[in-house]
Amino acid sequence: MFKNETPKNIKDTETIIGESVMVEGEFNGHGNVIIEGKLNGNLNTDGHVLVGEKAEINANIKASSAFISGLVKGNININDSLDVAKTAIINGDIKAQSIAVEAGCQINGKINIGTNPSKALYEKGNTTKKNKIIVSSESEKMTD
Amino acid sequence: MYLYIYDSCLKEKKYQKILIKIESRIIDLDIKGKILRLNMLKNINEIVREEVEKGAHTIVVVGNDKTFNSVIESAIKNDVLIGYIPIEKSAFAEIFGIPIGELSCNILSGRIIKKIDIGKINQKFFINSIIIENAQDIELKIEDFKIKTENHNKIIIKNLDIEKQETNPTDGILELFIEKPGNFFNKNNTHSLFTTKKVVINSLSEPRTIIFDEFQSLNTPATVNIATEKLNVIVGSERKF
């Protein structure tokens with residue numbers, strides 16, 4: 001799941017924000033979006049979002065599904081599934097139908113899984129000293 | 001009535017043989033018309049307008065992709081059908097499914113007509129792409145967001161993709177590529193891709209040159225958009241779209 005997700009197939013991708021590019025503003029896409037560069041503002045799409053390891057995002061993200069392996073400062077709202085890789089740093093709240101988290105990533109914020117808010121898995125600052133949540137792959141079982 | 005526009009290069013001896021075959025095939029198929037030979041002194045727009053007023057309904061470009069490009073604006077402004085007889089290997093002809101030389105006359109005679117999109121930069125038209133080399137201090141605005149790039153990047157906005165020939169000139173979309181050239185250690189270019197209908201190009205410092213359809217140019221600022229189903233072209237059944 002985590003190792004094979006690379007932005008090689010651009011045929012199905014509407015937008016690629018490459019390493020040497022910075023986007024500022026309201027980005028409303030209609031399809032899959034790959035981000036390897038910088039984005040400031042907001043990102044909305046009805047497709048999949050892939051945030052690469054070198055990406056720096058200062059934005060709220062709304063998408064159907066997402067794979068995060070870079071830096072995101074902002075809230076993430078995903079209709080379906082969210083995958084967080086070990087290189088990801090997320091400073092913001094997460095809402096998703098389901099989430100898969102690789103050991104080593106950093107998430108600073110609330111995580112809401114499923115549509116029912118009472119299923120909130122983690123609250124900000126309740127696991128580590130510096131408000132940093134380090135979630136191992138075993139933690140996925142806690143959502144059941 | 002057909003109006004045949006001959007490129008000035010057809011005067012060269014090497015094209016005489018192919019031209020005789022083309023003209024012979026035109027007579028066989030009974031699609032004769034007036035012949036106009038391009039030269040530096042003639043204003044294509046003016047001549048096409050006059051011929052359309054006299055009853056020309058189809059302009060046929062006999063030449064290469066550069067010749068075809070030079071006639072597009074006249075065809076659009078006069079709302080007239082355009083056909084193409086390529087005399088050498090041609091990217092446009094491959095996309096339109098038109099063979100080289102006298103065989104293309106059969107396509108003309110078949111008259112399969114498609115309306116294709118045309119790119120527009122300020123008040124000029126382009127069929128293929130626009131390019132900004134070394135995009136220093138260039139800012140691109142699409143809808144509600146802005147794109148800034150590194151200095152040595154190359155910006156390409158495509159209507160047709162004549163290199164890949166995986167293109168659809170009827171989708172109403174422009175593809176914007178930003179390429180970062182590779183270096184000594186990494187030869188591969190990295191690129192960004194955006195799909196859009198309108199892009200505003202500004203330079204944050206001095207005006208930058210924008211090349212469109214390889215041989216025309218203008219300076220920033222510029223607004224690029226797409227005119228959907230703007231050009232009526234005679235195409236073959238082997239077309240790529």
# chains A, B, ... in the order shown; residues from 1 in each chain; ligands from 1
$ closest_atom_pairs --of "range 120-198 of chain B" --to "range 210-230 of chain B" --cutoff "10 Å" --atoms "only C-alpha atoms" --output "Markdown table"
| residue | atom | partner | partner_atom | distance |
| --- | --- | --- | --- | --- |
| B:Lys120 | CA | B:Asn225 | CA | 5.3 |
| B:Ile121 | CA | B:Val224 | CA | 4.4 |
| B:Asn122 | CA | B:Thr223 | CA | 5.4 |
| B:Gln123 | CA | B:Thr223 | CA | 9.0 |
| B:Lys124 | CA | B:Phe212 | CA | 9.2 |
| B:Phe125 | CA | B:Phe212 | CA | 8.7 |
| B:Phe126 | CA | B:Asp213 | CA | 5.9 |
| B:Ile127 | CA | B:Asp213 | CA | 6.9 |
| B:Asn128 | CA | B:Asp213 | CA | 5.7 |
| B:Ser129 | CA | B:Asp213 | CA | 5.5 |
| B:Ile130 | CA | B:Phe212 | CA | 4.1 |
| B:Ile131 | CA | B:Ile211 | CA | 5.2 |
| B:Ile132 | CA | B:Ile210 | CA | 5.1 |
| B:Glu133 | CA | B:Ile210 | CA | 7.9 |
| B:Ala135 | CA | B:Ile210 | CA | 9.7 |
| B:Ile138 | CA | B:Thr220 | CA | 9.0 |
| B:Glu139 | CA | B:Pro221 | CA | 9.8 |
| B:Leu140 | CA | B:Thr223 | CA | 9.7 |
| B:Lys141 | CA | B:Thr223 | CA | 9.4 |
| B:Ile155 | CA | B:Ile210 | CA | 9.4 |
| B:Ile156 | CA | B:Phe212 | CA | 9.5 |
| B:Ile157 | CA | B:Val224 | CA | 8.7 |
| B:Lys158 | CA | B:Asp213 | CA | 9.7 |
| B:Asn159 | CA | B:Ile226 | CA | 7.9 |
| B:Pro169 | CA | B:Glu229 | CA | 8.6 |
| B:Thr170 | CA | B:Glu229 | CA | 6.7 |
| B:Asp171 | CA | B:Thr228 | CA | 8.0 |
| B:Gly172 | CA | B:Thr228 | CA | 5.4 |
| B:Ile173 | CA | B:Ile226 | CA | 7.0 |
| B:Leu174 | CA | B:Ile226 | CA | 6.8 |
| B:Thr196 | CA | B:Asn225 | CA | 8.4 |
| B:Lys197 | CA | B:Asn225 | CA | 5.5 |
| B:Lys198 | CA | B:Asn225 | CA | 4.3 |
$ interface_residues --of "chain A" --to "chain B" --cutoff "7 Å" --atoms "only C-alpha atoms" --output "PyMOL selection string"
chain A and resi 14-18+20-27
$ write_last_selection --atoms "N, CA and C atoms" --output "tab-separated table (two decimals), in the first residue's frame"
chain	number	residue	atom	x	y	z
A	14	GLU	N	-5.50	14.57	-13.24
A	14	GLU	CA	-5.87	15.86	-13.82
A	14	GLU	C	-4.81	16.91	-13.55
A	15	THR	N	-4.21	16.82	-12.36
A	15	THR	CA	-3.30	17.89	-11.94
A	15	THR	C	-2.06	17.32	-11.26
A	16	ILE	N	-0.90	17.85	-11.65
A	16	ILE	CA	0.35	17.52	-10.96
A	16	ILE	C	1.01	18.84	-10.57
A	17	ILE	N	1.21	19.04	-9.29
A	17	ILE	CA	1.95	20.23	-8.84
A	17	ILE	C	3.36	19.75	-8.53
A	18	GLY	N	4.27	20.01	-9.44
A	18	GLY	CA	5.63	19.47	-9.35
A	18	GLY	C	6.48	20.17	-8.31
A	20	SER	N	9.02	22.05	-8.45
A	20	SER	CA	9.52	23.41	-8.71
A	20	SER	C	8.39	24.44	-8.82
A	21	VAL	N	7.23	24.07	-8.33
A	21	VAL	CA	6.05	24.92	-8.53
A	21	VAL	C	5.38	25.23	-7.19
A	22	MET	N	4.90	26.48	-7.05
A	22	MET	CA	4.11	26.84	-5.87
A	22	MET	C	2.74	27.34	-6.32
A	23	VAL	N	1.70	26.82	-5.69
A	23	VAL	CA	0.34	27.23	-6.00
A	23	VAL	C	-0.25	27.95	-4.80
A	24	GLU	N	-0.88	29.10	-5.07
A	24	GLU	CA	-1.50	29.87	-3.99
A	24	GLU	C	-2.96	30.14	-4.34
A	25	GLY	N	-3.86	29.90	-3.40
A	25	GLY	CA	-5.26	30.24	-3.62
A	25	GLY	C	-6.19	29.06	-3.45
A	26	GLU	N	-7.40	29.24	-3.98
A	26	GLU	CA	-8.43	28.21	-3.89
A	26	GLU	C	-8.27	27.26	-5.06
A	27	PHE	N	-7.81	26.06	-4.80
A	27	PHE	CA	-7.64	25.10	-5.89
A	27	PHE	C	-8.82	24.12	-5.87
$ residues_around --residues "Asp46 in chain A" --least-positions-apart "5" --cutoff "10 Å" --atoms "only C-alpha atoms" --output "ChimeraX atom specification"
/A:28-33,62-65,78-79
$ write_last_selection --atoms "N, CA and C atoms" --output "PDB file, in the first residue's frame"
ATOM      1  N   ASN A  28      -9.701  24.253  -6.863  1.00  0.00           N
ATOM      2  CA  ASN A  28     -10.832  23.337  -6.968  1.00  0.00           C
ATOM      3  C   ASN A  28     -10.636  22.431  -8.167  1.00  0.00           C
ATOM      4  N   GLY A  29     -10.306  21.192  -7.928  1.00  0.00           N
ATOM      5  CA  GLY A  29     -10.030  20.263  -9.019  1.00  0.00           C
ATOM      6  C   GLY A  29     -11.181  19.295  -9.254  1.00  0.00           C
ATOM      7  N   HIS A  30     -11.120  18.615 -10.387  1.00  0.00           N
ATOM      8  CA  HIS A  30     -12.114  17.591 -10.697  1.00  0.00           C
ATOM      9  C   HIS A  30     -11.372  16.331 -11.120  1.00  0.00           C
ATOM     10  N   GLY A  31     -10.802  15.661 -10.198  1.00  0.00           N
ATOM     11  CA  GLY A  31     -10.056  14.454 -10.555  1.00  0.00           C
ATOM     12  C   GLY A  31      -8.892  14.283  -9.600  1.00  0.00           C
ATOM     13  N   ASN A  32      -7.989  13.394  -9.998  1.00  0.00           N
ATOM     14  CA  ASN A  32      -6.858  13.079  -9.129  1.00  0.00           C
ATOM     15  C   ASN A  32      -5.804  14.182  -9.159  1.00  0.00           C
ATOM     16  N   VAL A  33      -5.216  14.430  -8.004  1.00  0.00           N
ATOM     17  CA  VAL A  33      -4.228  15.520  -7.880  1.00  0.00           C
ATOM     18  C   VAL A  33      -2.971  14.961  -7.213  1.00  0.00           C
ATOM     19  N   LYS A  62      -9.807  18.849   1.033  1.00  0.00           N
ATOM     20  CA  LYS A  62     -11.037  18.059   0.942  1.00  0.00           C
ATOM     21  C   LYS A  62     -10.928  17.190  -0.292  1.00  0.00           C
ATOM     22  N   ALA A  63     -11.121  15.881  -0.133  1.00  0.00           N
ATOM     23  CA  ALA A  63     -10.987  14.992  -1.290  1.00  0.00           C
ATOM     24  C   ALA A  63     -11.755  13.704  -1.047  1.00  0.00           C
ATOM     25  N   SER A  64     -11.850  12.915  -2.092  1.00  0.00           N
ATOM     26  CA  SER A  64     -12.522  11.625  -1.961  1.00  0.00           C
ATOM     27  C   SER A  64     -11.642  10.645  -1.198  1.00  0.00           C
ATOM     28  N   SER A  65     -10.351  10.621  -1.545  1.00  0.00           N
ATOM     29  CA  SER A  65      -9.393   9.778  -0.836  1.00  0.00           C
ATOM     30  C   SER A  65      -8.032  10.465  -0.916  1.00  0.00           C
ATOM     31  N   ILE A  78     -11.670  13.795   4.357  1.00  0.00           N
ATOM     32  CA  ILE A  78     -11.666  12.783   3.293  1.00  0.00           C
ATOM     33  C   ILE A  78     -12.971  11.985   3.340  1.00  0.00           C
ATOM     34  N   ASN A  79     -13.641  11.885   2.222  1.00  0.00           N
ATOM     35  CA  ASN A  79     -14.909  11.152   2.176  1.00  0.00           C
ATOM     36  C   ASN A  79     -14.729   9.656   2.352  1.00  0.00           C
TER      37      ASN A  79
END
$ select_by_dssp --residues "range 10-228 of chain B" --states "helix (DSSP H, G or I)" --output "number ranges by chain"
B: 10-11, 13-28, 44-53, 65-77, 91-96, 101-110
$ select_by_dssp --residues "chain B" --states "strand (DSSP E or B)" --output "JSON, numbers by chain"
{"B": [2, 3, 4, 5, 6, 33, 34, 35, 36, 37, 58, 59, 60, 61, 62, 63, 81, 82, 83, 84, 85, 86, 112, 113, 114, 115, 116, 117, 118, 119, 120, 121, 124, 125, 126, 129, 130, 131, 132, 138, 139, 140, 141, 142, 145, 146, 147, 148, 149, 154, 155, 156, 157, 158, 174, 175, 176, 177, 178, 179, 180, 190, 191, 192, 193, 194, 195, 196, 198, 199, 200, 201, 202, 203, 209, 210, 211, 212, 216, 217, 218, 219, 222, 223, 224, 225, 226, 227, 228, 229, 230, 231, 232, 233, 234, 235]}
$ atom_distance --atom1 "CA of Ile20 in chain B" --atom2 "CA of Glu102 in chain B"
9.0 Å
$ residues_around --residues "Glu51 in chain B" --least-positions-apart "2" --cutoff "12 Å" --atoms "only C-alpha atoms" --output "list in words"
Met1, Tyr2, Leu3, Tyr4, Ile5, Gly33, Lys34, Ile35, Leu36, Ile44, Asn45, Glu46, Ile47, Val48, Arg49, Glu53, Lys54, Gly55, Ala56, His57, Thr58, Ile59, Ser74, Ala75, Asn78 and Val80 of chain B
$ write_last_selection --atoms "N, CA and C atoms" --output "compact mmCIF listing (two decimals), in the first residue's frame"
# COMPACT_ATOMS: atom_id res chain seq x y z
N MET B 1 -16.88 26.43 -54.34
CA MET B 1 -15.60 26.60 -55.02
C MET B 1 -14.44 26.38 -54.05
N TYR B 2 -13.42 25.67 -54.52
CA TYR B 2 -12.23 25.43 -53.72
C TYR B 2 -11.20 26.53 -53.99
N LEU B 3 -10.51 26.94 -52.93
CA LEU B 3 -9.39 27.86 -53.09
C LEU B 3 -8.14 27.12 -52.59
N TYR B 4 -7.22 26.83 -53.51
CA TYR B 4 -5.98 26.12 -53.15
C TYR B 4 -4.90 27.14 -52.85
N ILE B 5 -4.36 27.08 -51.64
CA ILE B 5 -3.28 28.01 -51.26
C ILE B 5 -1.96 27.24 -51.25
N GLY B 33 -10.22 24.11 -58.43
CA GLY B 33 -10.51 25.42 -57.84
C GLY B 33 -9.44 26.41 -58.22
N LYS B 34 -9.53 27.56 -57.63
CA LYS B 34 -8.57 28.63 -57.91
C LYS B 34 -7.29 28.36 -57.12
N ILE B 35 -6.15 28.64 -57.74
CA ILE B 35 -4.85 28.44 -57.07
C ILE B 35 -4.26 29.80 -56.70
N LEU B 36 -3.82 29.88 -55.44
CA LEU B 36 -3.20 31.10 -54.96
C LEU B 36 -1.82 30.74 -54.41
N ILE B 44 -2.70 37.20 -46.50
CA ILE B 44 -3.58 36.04 -46.63
C ILE B 44 -5.01 36.38 -46.21
N ASN B 45 -5.13 37.07 -45.07
CA ASN B 45 -6.47 37.40 -44.56
C ASN B 45 -7.30 38.14 -45.61
N GLU B 46 -6.65 39.12 -46.23
CA GLU B 46 -7.34 39.95 -47.21
C GLU B 46 -7.76 39.12 -48.43
N ILE B 47 -6.84 38.31 -48.90
CA ILE B 47 -7.12 37.50 -50.10
C ILE B 47 -8.22 36.48 -49.83
N VAL B 48 -8.14 35.82 -48.69
CA VAL B 48 -9.17 34.81 -48.35
C VAL B 48 -10.53 35.48 -48.24
N ARG B 49 -10.57 36.65 -47.61
CA ARG B 49 -11.84 37.37 -47.48
C ARG B 49 -12.44 37.68 -48.86
N GLU B 53 -15.89 36.05 -50.48
CA GLU B 53 -16.96 36.92 -51.01
C GLU B 53 -17.33 36.53 -52.44
N LYS B 54 -16.33 36.01 -53.18
CA LYS B 54 -16.59 35.59 -54.57
C LYS B 54 -17.19 34.18 -54.63
N GLY B 55 -17.26 33.50 -53.48
CA GLY B 55 -17.93 32.20 -53.49
C GLY B 55 -17.10 31.01 -53.05
N ALA B 56 -15.85 31.24 -52.62
CA ALA B 56 -15.04 30.10 -52.15
C ALA B 56 -15.63 29.55 -50.86
N HIS B 57 -15.84 28.23 -50.80
CA HIS B 57 -16.41 27.63 -49.58
C HIS B 57 -15.39 26.76 -48.85
N THR B 58 -14.30 26.40 -49.55
CA THR B 58 -13.29 25.55 -48.92
C THR B 58 -11.89 26.06 -49.28
N ILE B 59 -11.07 26.27 -48.23
CA ILE B 59 -9.66 26.62 -48.46
C ILE B 59 -8.86 25.34 -48.31
N SER B 74 -7.25 33.08 -41.06
CA SER B 74 -8.12 33.50 -42.16
C SER B 74 -9.36 32.60 -42.23
N ALA B 75 -9.15 31.31 -42.03
CA ALA B 75 -10.28 30.36 -42.11
C ALA B 75 -11.29 30.64 -41.01
N ASN B 78 -13.12 34.09 -41.57
CA ASN B 78 -14.07 34.08 -42.69
C ASN B 78 -15.05 32.91 -42.59
N VAL B 80 -14.81 29.65 -42.86
CA VAL B 80 -14.76 28.82 -44.06
C VAL B 80 -14.09 27.48 -43.72
$ closest_residue --among "B:Ile201, B:Ile72, B:Ile31, B:Cys105" --to "Gly119 in chain B" --atoms "only C-alpha atoms"
B:Ile72
$ residues_around --residues "Leu82 in chain A" --least-positions-apart "2" --cutoff "9 Å" --atoms "only C-alpha atoms" --output "list in words"
Ser64, Ser65, Ala66, Phe67, Ile68, Ile78, Asn79, Asp80, Val84, Lys95, Ala96, Gln97, Ser98, Ile99, Ala100 and Val101 of chain A
$ write_last_selection --atoms "N, CA and C atoms" --output "tab-separated table (two decimals), in the first residue's frame"
chain	number	residue	atom	x	y	z
A	64	SER	N	-11.85	12.91	-2.09
A	64	SER	CA	-12.52	11.62	-1.96
A	64	SER	C	-11.64	10.65	-1.20
A	65	SER	N	-10.35	10.62	-1.55
A	65	SER	CA	-9.39	9.78	-0.84
A	65	SER	C	-8.03	10.46	-0.92
A	66	ALA	N	-7.10	10.02	-0.09
A	66	ALA	CA	-5.79	10.69	-0.10
A	66	ALA	C	-4.69	9.77	0.41
A	67	PHE	N	-3.49	10.05	-0.08
A	67	PHE	CA	-2.27	9.41	0.41
A	67	PHE	C	-1.32	10.54	0.77
A	68	ILE	N	-0.90	10.58	2.05
A	68	ILE	CA	-0.06	11.70	2.50
A	68	ILE	C	1.31	11.16	2.89
A	78	ILE	N	-11.67	13.79	4.36
A	78	ILE	CA	-11.67	12.78	3.29
A	78	ILE	C	-12.97	11.99	3.34
A	79	ASN	N	-13.64	11.89	2.22
A	79	ASN	CA	-14.91	11.15	2.18
A	79	ASN	C	-14.73	9.66	2.35
A	80	ASP	N	-13.62	9.15	1.84
A	80	ASP	CA	-13.45	7.70	1.85
A	80	ASP	C	-12.21	7.34	2.69
A	84	VAL	N	-1.71	7.35	5.49
A	84	VAL	CA	-0.65	8.26	5.97
A	84	VAL	C	0.65	7.48	6.03
A	95	LYS	N	-10.54	14.12	9.26
A	95	LYS	CA	-11.81	13.40	9.21
A	95	LYS	C	-11.76	12.47	8.02
A	96	ALA	N	-12.08	11.21	8.23
A	96	ALA	CA	-12.07	10.27	7.11
A	96	ALA	C	-12.99	9.09	7.44
A	97	GLN	N	-13.42	8.40	6.42
A	97	GLN	CA	-14.25	7.22	6.63
A	97	GLN	C	-13.39	6.08	7.20
A	98	SER	N	-12.18	5.97	6.65
A	98	SER	CA	-11.23	4.99	7.19
A	98	SER	C	-9.82	5.56	7.06
A	99	ILE	N	-8.92	5.06	7.89
A	99	ILE	CA	-7.55	5.58	7.86
A	99	ILE	C	-6.56	4.44	8.07
A	100	ALA	N	-5.46	4.50	7.32
A	100	ALA	CA	-4.36	3.55	7.52
A	100	ALA	C	-3.11	4.38	7.78
A	101	VAL	N	-2.45	4.09	8.89
A	101	VAL	CA	-1.33	4.93	9.32
A	101	VAL	C	-0.08	4.09	9.45
$ atom_distance --atom1 "CA of Pro99 in chain B" --atom2 "CA of Val61 in chain B"
13.7 Å
$ residues_around --residues "Ile87 in chain B" --least-positions-apart "4" --cutoff "8 Å" --atoms "only C-alpha atoms" --output "MDAnalysis selection string"
chainID B and resid 15 18 62:64 100:101
$ residues_around --residues "Ser69 in chain A" --least-positions-apart "5" --cutoff "8 Å" --atoms "only C-alpha atoms" --output "PDB file with N, CA and C atoms, in the first residue's frame"
ATOM      1  N   VAL A  51      -0.005  13.346  -1.772  1.00  0.00           N
ATOM      2  CA  VAL A  51       0.951  14.359  -1.310  1.00  0.00           C
ATOM      3  C   VAL A  51       2.312  13.687  -1.163  1.00  0.00           C
ATOM      4  N   GLY A  52       3.261  14.083  -2.001  1.00  0.00           N
ATOM      5  CA  GLY A  52       4.580  13.447  -2.018  1.00  0.00           C
ATOM      6  C   GLY A  52       5.435  13.832  -0.832  1.00  0.00           C
ATOM      7  N   GLU A  53       6.550  13.130  -0.682  1.00  0.00           N
ATOM      8  CA  GLU A  53       7.433  13.327   0.482  1.00  0.00           C
ATOM      9  C   GLU A  53       7.971  14.737   0.588  1.00  0.00           C
ATOM     10  N   VAL A  84      -1.705   7.354   5.486  1.00  0.00           N
ATOM     11  CA  VAL A  84      -0.649   8.260   5.965  1.00  0.00           C
ATOM     12  C   VAL A  84       0.654   7.476   6.033  1.00  0.00           C
ATOM     13  N   ALA A  85       1.657   7.906   5.288  1.00  0.00           N
ATOM     14  CA  ALA A  85       2.941   7.191   5.232  1.00  0.00           C
ATOM     15  C   ALA A  85       3.844   7.630   6.382  1.00  0.00           C
ATOM     16  N   LYS A  86       4.919   6.894   6.587  1.00  0.00           N
ATOM     17  CA  LYS A  86       5.794   7.155   7.736  1.00  0.00           C
ATOM     18  C   LYS A  86       6.497   8.504   7.643  1.00  0.00           C
ATOM     19  N   THR A  87       6.644   9.044   6.439  1.00  0.00           N
ATOM     20  CA  THR A  87       7.341  10.326   6.272  1.00  0.00           C
ATOM     21  C   THR A  87       6.399  11.527   6.447  1.00  0.00           C
ATOM     22  N   ALA A  88       5.127  11.269   6.639  1.00  0.00           N
ATOM     23  CA  ALA A  88       4.142  12.363   6.701  1.00  0.00           C
ATOM     24  C   ALA A  88       4.214  13.114   8.025  1.00  0.00           C
ATOM     25  N   ILE A  89       4.017  14.436   7.923  1.00  0.00           N
ATOM     26  CA  ILE A  89       3.838  15.266   9.120  1.00  0.00           C
ATOM     27  C   ILE A  89       2.538  16.038   8.903  1.00  0.00           C
TER      28      ILE A  89
END
$ atom_distance --atom1 "CA of Val71 in chain B" --atom2 "CA of Gly83 in chain B"
10.5 Å
